[in-house]
Amino acid sequence: MKLIIKFMIVFATVASMQSCKKEFLNRPPQDATTSGNFYTTDAEIQSGTSALYGIVWFDYNDKAFLSFGSAHGGDLNCDDADRLGYSRFAVPSTDDILPTGYGAFWKVVAQSNIVMANIQNAKTTASASGIKTGLAECRFMRGMAYYFLACNWGPVPILYNNVAQLGDTSIRRNDLPSVWKFIIRDFSYAMQNLPSAAAQNGRLTKWAAESMLAKAYLFRAGLGMSEGSRTQSDLDSAKYYAGDVCTNSGLSLLPNYYNLFTHAYNSTAYSNPNPETLFSLQWLPSKATWGTNNTLQAYIAFSSSITQTGDGWGAAFGASANLLRYYLDPANSADSIRRKATFMLPGDNYTDLNAANGGTPILASYFGTGNDHAYIKKYVIGSPADNGGGDMMAAYENTYMLRLAEVYLIYAEAILGNSSSTSDATALQYFNAIRKRAGIATKSSITFDDIFQEKRIEFAFEGLSWYDWIHWYYFAPSKAKAYFSTQDRGHYNFTSTTRPLSLNSVAFTGDGYNTITDTNVYLPWPETELTAAPNLLEAPVPFDFSKLPN
């Protein structure tokens with residue numbers, strides 16, 4: 001396990017420390033901070049856990065975020081060779097993005113483990129609550145990393161102690177029931193020990209942990225089950241925890257969907273936290289310390305005229321054919337608020353991009369030249385002048401990992417449970433709250449398909465589509481595979497740019513149908529990992545939970 005062991009070694013000897021000021025990411029990691037000379041006060045514990053909110057996730061956010069969640073999940077049309085394999089369910093083990101994304105999750109696991117160990121071993125004067133909060137932050141982050149590992153690779157090794165497991169050559173993959181149990185244990189601990197109100201803007205709360213706990217129970221409910229017979233106790237737990245967040249957290253949806261993806265409501269600069277944000281990766285407006293910057297806009301903005309920093313390399317990216325079809329279907333024409341916030345069409349004008357000069361019009365001349373793209377808008381926020389800061393490859397915005405809107409839909413699905421449909425008033429209340437904000441008609445009865453579709457549209461290009469699909473695959477594999485195998489992910493060309501646009505305005509080439517099977521659901525192991533760790537090819541085994549301290 002070359003990459004796994006690499007990160008265990010690195011973080012067994014070096015822990016990251018950051019300032020605990022209002023912007024708690026404003027200083028890069030420092031060397032030589034161990035339990036012997038650090039983690040002795042509440043402030044030092046906060047500093048020690050700060051890296052878990054950004055830099056250790058950098059390699060995931062940089063390219064894997066869009067590849068694993070959106071290209072693999074069917075949102076993205078692209079001519080970029082690095083991501084075509086994800087869209088086509090044909091990722092080679094030699095893919096460049098694969099090992100960096102894979103390694104990012106193990107970085108999070110390793111960093112979480114070593115910071116936990118340092119907090120526990122420190123000769124500390126920190127308060128009991130400070131210690132619990134620090135440990136809970138680590139457990140949340142480790143649980144989040146394992147959530148991604150399980151959804152992308154299936155059974156994976158459970159690593160809980162960097163030092164004790166460092167030289168263990170017998171480590172094997174653990175089966176999915178064990179991995180999901182481990183994830184639930186971590187989120188449960190975090191929920192019980194995180195504060196209800198964040199100590200600093202952007203820090204985790206019990207509501208974030210409770211939300212992820214609900215999500216983990218919802219996913220596990222279908223594991224090894226069949227449609228209509230998901231594990232009821234897990235559905236009940238998902239319902240209980242999601243319901244507690246929805247009714248008791250005091251959080252609410254941001255009224256304007258478009259504003260979710262603007263600097264003013266989604267950056268480390270905000271003074272009043274966005275009431276919809278439960279967990280986001282925190283980034284700084286400079287690339288002076290590489291790894292604390294958000295590179296996402298650099299890759300997806302279709303022109304340097306938008307970013308005005310020399311990047312903006314995303315002309316090869318856009319909405320997939322199936323996503324474009326949804327929005328051009330007359331039945332969905334009212335869903336214009338989310339569409340404009342998600343991707344660009346000819347005739348649009350974005351007043352927040354190059355605002356000083358009246359905005360950025362999306363001209364008809366950009367289309368009709370072959371292999372057109374409905375360019376990505378979500379996470380494209382413009383220039384430093386538009387956002388009070390930023391830099392080349394350092395857009396001044398955070399990356400959502402968990403929004404309250406998702407918890408609303410988790411709650412609705414948990415209430416639906418094993419029923420084919422529901423008219424339950426509470427399920428409809430939260431499901432329809434999403435639609436009302438989008439300015440579209442509410443429903444009086446909902447099915448699993450309704451909820452799945454709502455998640456897909458609400459969170460397109462937020463790196464979630466693959467993960468929502470995998471939980472469907474757990475209990476209805478034939479239907480889930482048929483959904484992806486009949487999904488057009490191919491190219492298209494605009495034959496007319498006259499508004500209003502319709503399905504007749506686009507010629508779909510039909511080159512984007514790709515078959516997904518049980519053998520290519522999960523991503524391959526990076527080639528370098530298999531060379532160093534042949535154990536990864538052995539059958540997974542149950543994990544012995546008696547090894548864990550609590």
# chains A, B, ... in the order shown; residues from 1 in each chain; ligands from 1
>>> residues_around(residues="Thr277 (chain A)", least_positions_apart="2", cutoff="8 Å", atoms="only C-alpha atoms", output="PyMOL selection string")
chain A and resi 273-275+279-280+400+402-404
>>> residues_around(residues="region 443-450 of chain A", least_positions_apart="4", cutoff="12 Å", atoms="only C-alpha atoms", output="PyMOL selection string")
chain A and resi 227-228+409-410+412-436+454-457+468-469+471-472+476+479-480+483
>>> residues_around(residues="Asp244 (chain A)", least_positions_apart="4", cutoff="9 Å", atoms="only C-alpha atoms", output="PyMOL selection string")
chain A and resi 207+210-211+239-240+248-249
>>> write_last_selection(atoms="all heavy atoms", output="JSON list (two decimals), in the first residue's frame")
[["chain", "number", "residue", "atom", "x", "y", "z"],
["A", 207, "TRP", "N", -24.25, 19.46, 14.06],
["A", 207, "TRP", "CA", -25.25, 19.32, 13.01],
["A", 207, "TRP", "C", -24.63, 18.76, 11.73],
["A", 207, "TRP", "O", -25.28, 17.99, 11.01],
["A", 207, "TRP", "CB", -25.92, 20.67, 12.74],
["A", 207, "TRP", "CG", -26.46, 21.30, 13.99],
["A", 207, "TRP", "CD1", -26.03, 22.46, 14.58],
["A", 207, "TRP", "CD2", -27.52, 20.80, 14.83],
["A", 207, "TRP", "NE1", -26.75, 22.70, 15.73],
["A", 207, "TRP", "CE2", -27.67, 21.70, 15.90],
["A", 207, "TRP", "CE3", -28.33, 19.67, 14.77],
["A", 207, "TRP", "CZ2", -28.61, 21.51, 16.90],
["A", 207, "TRP", "CZ3", -29.27, 19.47, 15.76],
["A", 207, "TRP", "CH2", -29.41, 20.38, 16.82],
["A", 210, "GLU", "N", -24.17, 15.05, 12.53],
["A", 210, "GLU", "CA", -25.46, 14.36, 12.55],
["A", 210, "GLU", "C", -25.99, 14.18, 11.13],
["A", 210, "GLU", "O", -26.61, 13.16, 10.80],
["A", 210, "GLU", "CB", -26.45, 15.14, 13.40],
["A", 210, "GLU", "CG", -27.69, 14.35, 13.76],
["A", 210, "GLU", "CD", -28.52, 15.01, 14.85],
["A", 210, "GLU", "OE1", -28.42, 16.24, 15.03],
["A", 210, "GLU", "OE2", -29.27, 14.29, 15.52],
["A", 211, "SER", "N", -25.75, 15.17, 10.27],
["A", 211, "SER", "CA", -26.18, 15.07, 8.88],
["A", 211, "SER", "C", -25.45, 13.93, 8.16],
["A", 211, "SER", "O", -26.07, 13.15, 7.41],
["A", 211, "SER", "CB", -25.93, 16.39, 8.15],
["A", 211, "SER", "OG", -26.68, 17.44, 8.73],
["A", 239, "LYS", "N", -33.72, 8.70, 9.27],
["A", 239, "LYS", "CA", -34.87, 9.60, 9.47],
["A", 239, "LYS", "C", -34.73, 10.39, 10.77],
["A", 239, "LYS", "O", -34.95, 11.61, 10.80],
["A", 239, "LYS", "CB", -36.15, 8.77, 9.49],
["A", 239, "LYS", "CG", -37.42, 9.57, 9.78],
["A", 239, "LYS", "CD", -38.63, 8.64, 9.80],
["A", 239, "LYS", "CE", -39.90, 9.37, 10.23],
["A", 239, "LYS", "NZ", -41.06, 8.44, 10.28],
["A", 240, "TYR", "N", -34.33, 9.73, 11.83],
["A", 240, "TYR", "CA", -34.22, 10.39, 13.14],
["A", 240, "TYR", "C", -33.16, 11.50, 13.10],
["A", 240, "TYR", "O", -33.42, 12.64, 13.50],
["A", 240, "TYR", "CB", -33.87, 9.37, 14.22],
["A", 240, "TYR", "CG", -33.60, 9.99, 15.57],
["A", 240, "TYR", "CD1", -34.65, 10.31, 16.42],
["A", 240, "TYR", "CD2", -32.30, 10.28, 15.97],
["A", 240, "TYR", "CE1", -34.41, 10.91, 17.66],
["A", 240, "TYR", "CE2", -32.05, 10.88, 17.19],
["A", 240, "TYR", "CZ", -33.11, 11.19, 18.03],
["A", 240, "TYR", "OH", -32.86, 11.80, 19.24],
["A", 248, "ASN", "N", -34.24, 21.12, 14.39],
["A", 248, "ASN", "CA", -33.67, 21.68, 15.62],
["A", 248, "ASN", "C", -32.37, 22.44, 15.45],
["A", 248, "ASN", "O", -31.89, 23.06, 16.41],
["A", 248, "ASN", "CB", -33.45, 20.55, 16.64],
["A", 248, "ASN", "CG", -34.76, 19.92, 17.09],
["A", 248, "ASN", "OD1", -35.74, 20.61, 17.32],
["A", 248, "ASN", "ND2", -34.77, 18.60, 17.19],
["A", 249, "SER", "N", -31.78, 22.41, 14.27],
["A", 249, "SER", "CA", -30.47, 23.05, 14.11],
["A", 249, "SER", "C", -30.55, 24.57, 14.01],
["A", 249, "SER", "O", -29.56, 25.27, 14.24],
["A", 249, "SER", "CB", -29.77, 22.52, 12.85],
["A", 249, "SER", "OG", -30.47, 22.93, 11.68]]
>>> select_by_dssp(residues="region 277-357 of chain A", states="strand (DSSP E or B)", output="ChimeraX atom specification")
/A:277-281,284,293,317-319,343,349-350
>>> write_last_selection(atoms="N, CA and C atoms", output="compact mmCIF listing (two decimals), in the first residue's frame")
# COMPACT_ATOMS: atom_id res chain seq x y z
N THR A 277 -24.73 26.11 4.88
CA THR A 277 -23.46 25.39 4.87
C THR A 277 -23.29 24.57 6.14
N LEU A 278 -23.14 23.28 5.97
CA LEU A 278 -22.85 22.40 7.10
C LEU A 278 -21.37 22.03 7.16
N PHE A 279 -20.76 21.84 6.00
CA PHE A 279 -19.32 21.57 5.95
C PHE A 279 -18.82 21.98 4.58
N SER A 280 -17.77 22.78 4.56
CA SER A 280 -17.13 23.14 3.30
C SER A 280 -15.62 23.16 3.50
N LEU A 281 -14.91 22.89 2.42
CA LEU A 281 -13.45 23.03 2.44
C LEU A 281 -13.13 24.51 2.38
N LEU A 284 -7.94 29.87 0.81
CA LEU A 284 -7.44 31.23 0.92
C LEU A 284 -7.29 31.88 -0.45
N ASN A 293 -4.96 26.97 -1.58
CA ASN A 293 -5.68 27.71 -2.62
C ASN A 293 -6.69 26.82 -3.32
N PHE A 317 -15.07 21.84 -21.25
CA PHE A 317 -16.01 21.29 -20.29
C PHE A 317 -17.39 21.93 -20.44
N GLY A 318 -18.41 21.15 -20.14
CA GLY A 318 -19.76 21.70 -20.13
C GLY A 318 -20.74 20.69 -19.58
N ALA A 319 -22.01 21.05 -19.61
CA ALA A 319 -23.05 20.15 -19.15
C ALA A 319 -23.12 18.94 -20.08
N PHE A 343 -25.01 26.01 -15.48
CA PHE A 343 -24.25 26.09 -16.72
C PHE A 343 -24.79 27.20 -17.61
N ASN A 349 -26.50 36.38 -19.70
CA ASN A 349 -25.57 37.44 -19.29
C ASN A 349 -25.34 37.30 -17.80
N TYR A 350 -24.09 37.22 -17.40
CA TYR A 350 -23.73 37.05 -15.99
C TYR A 350 -23.17 38.36 -15.46
>>> closest_residue(among="A:Thr40, A:Thr399, A:Ser237, A:Ser112", to="Gly202 (chain A)", atoms="only C-alpha atoms")
A:Thr399
>>> closest_residue(among="A:Ala334, A:Ala199, A:Ala316, A:Ala405", to="Asp79 (chain A)", atoms="only C-alpha atoms")
A:Ala316
>>> select_by_dssp(residues="region 133-309 of chain A", states="alpha helix (DSSP H)", output="PyMOL selection string")
chain A and resi 133-153+162-165+176-193+206-222+232-248+296-300+304-307
>>> closest_residue(among="A:Glu137, A:Asp96, A:Asp372, A:Glu538", to="Ala51 (chain A)", atoms="only C-alpha atoms")
A:Glu137
>>> closest_residue(among="A:Gln232, A:Asn520, A:Asn387, A:Ser87", to="Ser70 (chain A)", atoms="only C-alpha atoms")
A:Ser87
